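Colleague: If you scroll down you'll find the structure; I have some questions about it.
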Amino acid sequence: MPQPNNALLNTGIVWTSGSANLALAAADGTTRHQPLAVGQLVGWHLHGPRRCIGIWNRETRRQQLCPHRHHIELDAAGSQCPPCQAADPGRRFARGDELTDPRTFGLYLAWFAPGLIKVGLTALERGNDRLTEQAAITFAWLAEGPLPAVRRAERLISGLGECRESIRRDRKVSAWWHLGDPEQRVEQLRDAWHRAVSHIGGDARLTIRQPRIHDLAATYGLTTPPLASAREIAALRDGVTLVGRISVVAGSDLILDTITGPGLLNTRTLAGWILTRADVRGAAAPPMRPLNPAAAHDQQHVPEALF
């Protein structure tokens, strides 16, 4: 099927300074950002086939589109073909293969649910963007320093057993209905911070940060739990139309209030489709299925810009 004029390839959600944007790449790799905010009415037509999104080039600030134009499975959470995955610098970084980055890095603890705390790192120049990309509910900086020292501290803390280096998307999402009292999560994270710092405070290459706790629930629209009637938007196909008002935007997920009720959309499955604007006044009913976050299988998707 011919692509529409001025076709833009959706490459995923990008968080910048506390705001979410849908990244849309043109044929020359230039990228436009469509803001996504709680309360906003959005509408998209999907045009296929679904294709690999390629690689984000941090130096040129362009999307390096897949030279193979490989197709991607319709329901896959991953949006890169194997050759692009292998060439993606962000994936190499996530595997721990890169230790020569000269930037200063920050070490953080992020709270997602009671008993579910992650330790991670990000380049300080990115501010809090790495935390919002992961949909961290509450977080605190632990320390900062050169990448090798920060990476070593991350592995030391995760090895103690209380904090993890990665948390599955389905566990994060299922916790949204049970986040509990904000004061309780702040206290849990503060206690974990003090225990973690006691193990890394002797490293002269690290500068320990003050135990300031940041809560991001309001940023995502999660100060109250989502509606219990929420279902999952599924079966994205060529020709599908999505129209709804955003009630939650957290990490790579949206909850859209549609004419048939609230629906959770994993925008990683939206990446790789050509999107054109849909009339938001239209009565488009997206395909839905029962919401069962615990049964969702997430594939790791680590764009280079994350770090």
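Order determines the names: the first chain of the structure tokens is A, the second B, and so forth; residues in each chain are numbered 1 upward, and ligands are numbered 1 upward as they are shown.
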Can you tell me, as a VMD selection string, what residues are no more than 12 Å from Gly272 of chain A when counting only C-alpha atoms, ignoring any on the same chain fewer than 5 positions away?

Modeller: chain A and resid 7 to 13 23 to 25 46 to 55 65 to 66 69 to 81 236 to 238 267

Colleague: Write the residues of the selection above to a file with N, CA and C atoms, as an mmCIF file, in the first residue's frame.

Modeller:
```cif
data_model
loop_
_atom_site.group_PDB
_atom_site.id
_atom_site.type_symbol
_atom_site.label_atom_id
_atom_site.label_comp_id
_atom_site.auth_asym_id
_atom_site.auth_seq_id
_atom_site.Cartn_x
_atom_site.Cartn_y
_atom_site.Cartn_z
ATOM 1 N N ALA A 7 4.579 11.334 5.024
ATOM 2 C CA ALA A 7 4.507 10.252 5.997
ATOM 3 C C ALA A 7 5.570 10.425 7.074
ATOM 4 N N LEU A 8 5.192 10.204 8.321
ATOM 5 C CA LEU A 8 6.107 10.313 9.454
ATOM 6 C C LEU A 8 6.095 8.991 10.216
ATOM 7 N N LEU A 9 7.288 8.465 10.470
ATOM 8 C CA LEU A 9 7.437 7.187 11.159
ATOM 9 C C LEU A 9 7.522 7.427 12.660
ATOM 10 N N ASN A 10 6.623 6.793 13.413
ATOM 11 C CA ASN A 10 6.678 6.921 14.869
ATOM 12 C C ASN A 10 7.832 6.092 15.401
ATOM 13 N N THR A 11 8.737 6.746 16.151
ATOM 14 C CA THR A 11 9.892 6.037 16.707
ATOM 15 C C THR A 11 9.805 5.894 18.224
ATOM 16 N N GLY A 12 8.692 6.315 18.843
ATOM 17 C CA GLY A 12 8.511 6.102 20.275
ATOM 18 C C GLY A 12 8.320 7.391 21.046
ATOM 19 N N ILE A 13 8.148 7.248 22.359
ATOM 20 C CA ILE A 13 7.997 8.404 23.252
ATOM 21 C C ILE A 13 9.364 8.859 23.737
ATOM 22 N N ALA A 23 7.834 10.966 19.165
ATOM 23 C CA ALA A 23 8.841 11.288 18.157
ATOM 24 C C ALA A 23 8.407 10.733 16.805
ATOM 25 N N LEU A 24 8.421 11.597 15.781
ATOM 26 C CA LEU A 24 7.979 11.238 14.440
ATOM 27 C C LEU A 24 9.078 11.605 13.458
ATOM 28 N N ALA A 25 9.620 10.621 12.752
ATOM 29 C CA ALA A 25 10.768 10.824 11.870
ATOM 30 C C ALA A 25 10.327 10.916 10.416
ATOM 31 N N LEU A 46 -3.112 4.643 11.619
ATOM 32 C CA LEU A 46 -1.921 3.827 11.426
ATOM 33 C C LEU A 46 -1.845 3.346 9.978
ATOM 34 N N HIS A 47 -0.655 3.471 9.393
ATOM 35 C CA HIS A 47 -0.411 3.023 8.029
ATOM 36 C C HIS A 47 0.770 2.061 8.044
ATOM 37 N N GLY A 48 0.584 0.901 7.427
ATOM 38 C CA GLY A 48 1.631 -0.107 7.415
ATOM 39 C C GLY A 48 2.310 -0.222 6.073
ATOM 40 N N PRO A 49 3.239 -1.179 5.975
ATOM 41 C CA PRO A 49 3.571 -2.170 7.003
ATOM 42 C C PRO A 49 4.387 -1.566 8.137
ATOM 43 N N ARG A 50 4.413 -2.267 9.264
ATOM 44 C CA ARG A 50 5.222 -1.823 10.394
ATOM 45 C C ARG A 50 6.687 -2.144 10.101
ATOM 46 N N ARG A 51 7.555 -1.119 10.252
ATOM 47 C CA ARG A 51 8.951 -1.288 9.884
ATOM 48 C C ARG A 51 9.881 -0.938 11.047
ATOM 49 N N CYS A 52 11.103 -1.428 10.954
ATOM 50 C CA CYS A 52 12.154 -1.121 11.925
ATOM 51 C C CYS A 52 12.373 0.394 11.979
ATOM 52 N N ILE A 53 12.550 0.927 13.194
ATOM 53 C CA ILE A 53 12.716 2.379 13.361
ATOM 54 C C ILE A 53 14.160 2.834 13.162
ATOM 55 N N GLY A 54 15.123 1.917 13.051
ATOM 56 C CA GLY A 54 16.513 2.316 12.889
ATOM 57 C C GLY A 54 17.149 2.723 14.206
ATOM 58 N N ILE A 55 18.061 3.688 14.163
ATOM 59 C CA ILE A 55 18.880 4.060 15.317
ATOM 60 C C ILE A 55 18.899 5.581 15.466
ATOM 61 N N LEU A 65 17.448 5.974 9.770
ATOM 62 C CA LEU A 65 16.427 4.998 9.429
ATOM 63 C C LEU A 65 17.044 3.688 8.965
ATOM 64 N N CYS A 66 16.328 2.625 9.189
ATOM 65 C CA CYS A 66 16.818 1.277 8.881
ATOM 66 C C CYS A 66 17.120 1.153 7.386
ATOM 67 N N ARG A 69 14.979 -1.621 5.718
ATOM 68 C CA ARG A 69 13.508 -1.485 5.697
ATOM 69 C C ARG A 69 12.837 -2.791 6.137
ATOM 70 N N HIS A 70 13.426 -3.415 7.149
ATOM 71 C CA HIS A 70 12.887 -4.678 7.635
ATOM 72 C C HIS A 70 11.508 -4.494 8.256
ATOM 73 N N HIS A 71 10.653 -5.472 8.065
ATOM 74 C CA HIS A 71 9.345 -5.479 8.717
ATOM 75 C C HIS A 71 9.507 -5.939 10.172
ATOM 76 N N ILE A 72 8.618 -5.455 11.028
ATOM 77 C CA ILE A 72 8.588 -5.830 12.436
ATOM 78 C C ILE A 72 7.254 -6.503 12.720
ATOM 79 N N GLU A 73 7.273 -7.556 13.527
ATOM 80 C CA GLU A 73 6.031 -8.248 13.878
ATOM 81 C C GLU A 73 5.041 -7.256 14.489
ATOM 82 N N LEU A 74 3.776 -7.426 14.168
ATOM 83 C CA LEU A 74 2.768 -6.428 14.529
ATOM 84 C C LEU A 74 2.675 -6.198 16.032
ATOM 85 N N ASP A 75 2.731 -7.252 16.833
ATOM 86 C CA ASP A 75 2.531 -7.119 18.268
ATOM 87 C C ASP A 75 3.828 -7.103 19.069
ATOM 88 N N ALA A 76 4.964 -7.052 18.377
ATOM 89 C CA ALA A 76 6.244 -7.062 19.089
ATOM 90 C C ALA A 76 6.452 -5.753 19.832
ATOM 91 N N ALA A 77 6.939 -5.844 21.092
ATOM 92 C CA ALA A 77 7.255 -4.629 21.839
ATOM 93 C C ALA A 77 8.545 -4.004 21.339
ATOM 94 N N GLY A 78 9.460 -4.811 20.806
ATOM 95 C CA GLY A 78 10.672 -4.287 20.204
ATOM 96 C C GLY A 78 10.374 -3.708 18.829
ATOM 97 N N SER A 79 11.100 -2.663 18.451
ATOM 98 C CA SER A 79 10.813 -1.986 17.188
ATOM 99 C C SER A 79 12.055 -1.852 16.314
ATOM 100 N N GLN A 80 13.072 -2.697 16.568
ATOM 101 C CA GLN A 80 14.279 -2.705 15.745
ATOM 102 C C GLN A 80 14.518 -4.112 15.210
ATOM 103 N N CYS A 81 15.039 -4.171 13.980
ATOM 104 C CA CYS A 81 15.429 -5.449 13.412
ATOM 105 C C CYS A 81 16.762 -5.880 14.034
ATOM 106 N N LEU A 236 -2.955 -3.744 17.016
ATOM 107 C CA LEU A 236 -2.688 -2.629 16.116
ATOM 108 C C LEU A 236 -2.379 -3.174 14.731
ATOM 109 N N ARG A 237 -3.073 -2.652 13.753
ATOM 110 C CA ARG A 237 -2.944 -3.122 12.380
ATOM 111 C C ARG A 237 -3.015 -1.938 11.421
ATOM 112 N N ASP A 238 -2.601 -2.161 10.200
ATOM 113 C CA ASP A 238 -2.749 -1.144 9.165
ATOM 114 C C ASP A 238 -4.214 -0.737 9.068
ATOM 115 N N THR A 267 3.066 2.166 23.951
ATOM 116 C CA THR A 267 3.462 2.845 22.719
ATOM 117 C C THR A 267 4.674 2.210 22.063
#
```

Colleague: What's the 12 Å shell around Asp203 of chain A, counting only C-alpha atoms, without same-chain residues fewer than 5 positions away, as a short mmCIF file (atom, residue, chain, number, x, y, z; two decimals) with N, CA and C atoms, in the first residue's frame?

Modeller:
```cif
data_model
loop_
_atom_site.label_atom_id
_atom_site.label_comp_id
_atom_site.auth_asym_id
_atom_site.auth_seq_id
_atom_site.Cartn_x
_atom_site.Cartn_y
_atom_site.Cartn_z
N ALA A 143 24.75 9.35 43.93
CA ALA A 143 26.11 9.85 43.77
C ALA A 143 26.32 10.23 42.32
N GLU A 144 27.47 10.86 42.05
CA GLU A 144 27.85 11.17 40.68
C GLU A 144 29.36 10.99 40.53
N GLY A 145 29.78 10.76 39.29
CA GLY A 145 31.20 10.55 39.04
C GLY A 145 31.44 10.01 37.65
N PRO A 146 32.67 9.55 37.35
CA PRO A 146 32.97 8.98 36.04
C PRO A 146 32.25 7.65 35.85
N PRO A 148 33.03 4.52 34.88
CA PRO A 148 33.47 3.24 35.47
C PRO A 148 33.14 3.14 36.96
N ALA A 149 33.34 4.25 37.70
CA ALA A 149 33.05 4.22 39.14
C ALA A 149 31.56 4.10 39.41
N VAL A 150 30.75 4.81 38.63
CA VAL A 150 29.30 4.76 38.83
C VAL A 150 28.76 3.39 38.44
N ARG A 152 30.39 0.58 38.59
CA ARG A 152 30.82 -0.36 39.63
C ARG A 152 29.91 -0.24 40.87
N ALA A 153 29.57 0.99 41.24
CA ALA A 153 28.69 1.20 42.39
C ALA A 153 27.30 0.64 42.12
N LEU A 156 27.51 -3.06 42.58
CA LEU A 156 27.68 -3.39 43.99
C LEU A 156 26.35 -3.33 44.72
N VAL A 197 24.08 4.05 50.36
CA VAL A 197 25.20 4.97 50.48
C VAL A 197 26.26 4.42 51.44
N SER A 198 25.84 3.67 52.43
CA SER A 198 26.80 3.13 53.39
C SER A 198 27.79 2.18 52.73
N ILE A 208 28.95 11.93 46.78
CA ILE A 208 27.64 11.53 47.31
C ILE A 208 26.69 12.72 47.28
#
```

Colleague: DSSP on the backbone: which residues in segment 206-277 of chain A end up as helix (DSSP H, G or I)? Give the answer as number ranges by chain.

Modeller: A: 217-220

Colleague: DSSP on the backbone, then: every residue of segment 51-231 of chain A marked strand (DSSP E or B), written as a ChimeraX atom specification.

Modeller: /A:51,55-57,62-64,71,104-113,116-123,138-146,164,207-208,214-215,231

Colleague: Have a look at A:Ala271, A:Leu242, A:Lys118, A:Ser19 and name the one nearest to Thr258 of chain A; count only C-alpha atoms.

Modeller: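 Ranked by minimum distance to Thr258 of chain A, first place goes to A:Leu242.
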
Colleague: Using only C-alpha atoms, find the one residue out of A:Gly18, A:Pro83, A:Pro286, A:Gly202 that sits nearest to Ala136 of chain A.

Modeller: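 Using only C-alpha atoms, Ala136 of chain A sits closest to A:Gly18.
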
Colleague: Could you check which of A:Gly244, A:Gly120, A:Pro225, A:Pro211 is closest to His178 of chain A, using only C-alpha atoms?

Modeller: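 Among A:Gly244, A:Gly120, A:Pro225, A:Pro211, it is A:Pro225 that comes nearest to His178 of chain A.
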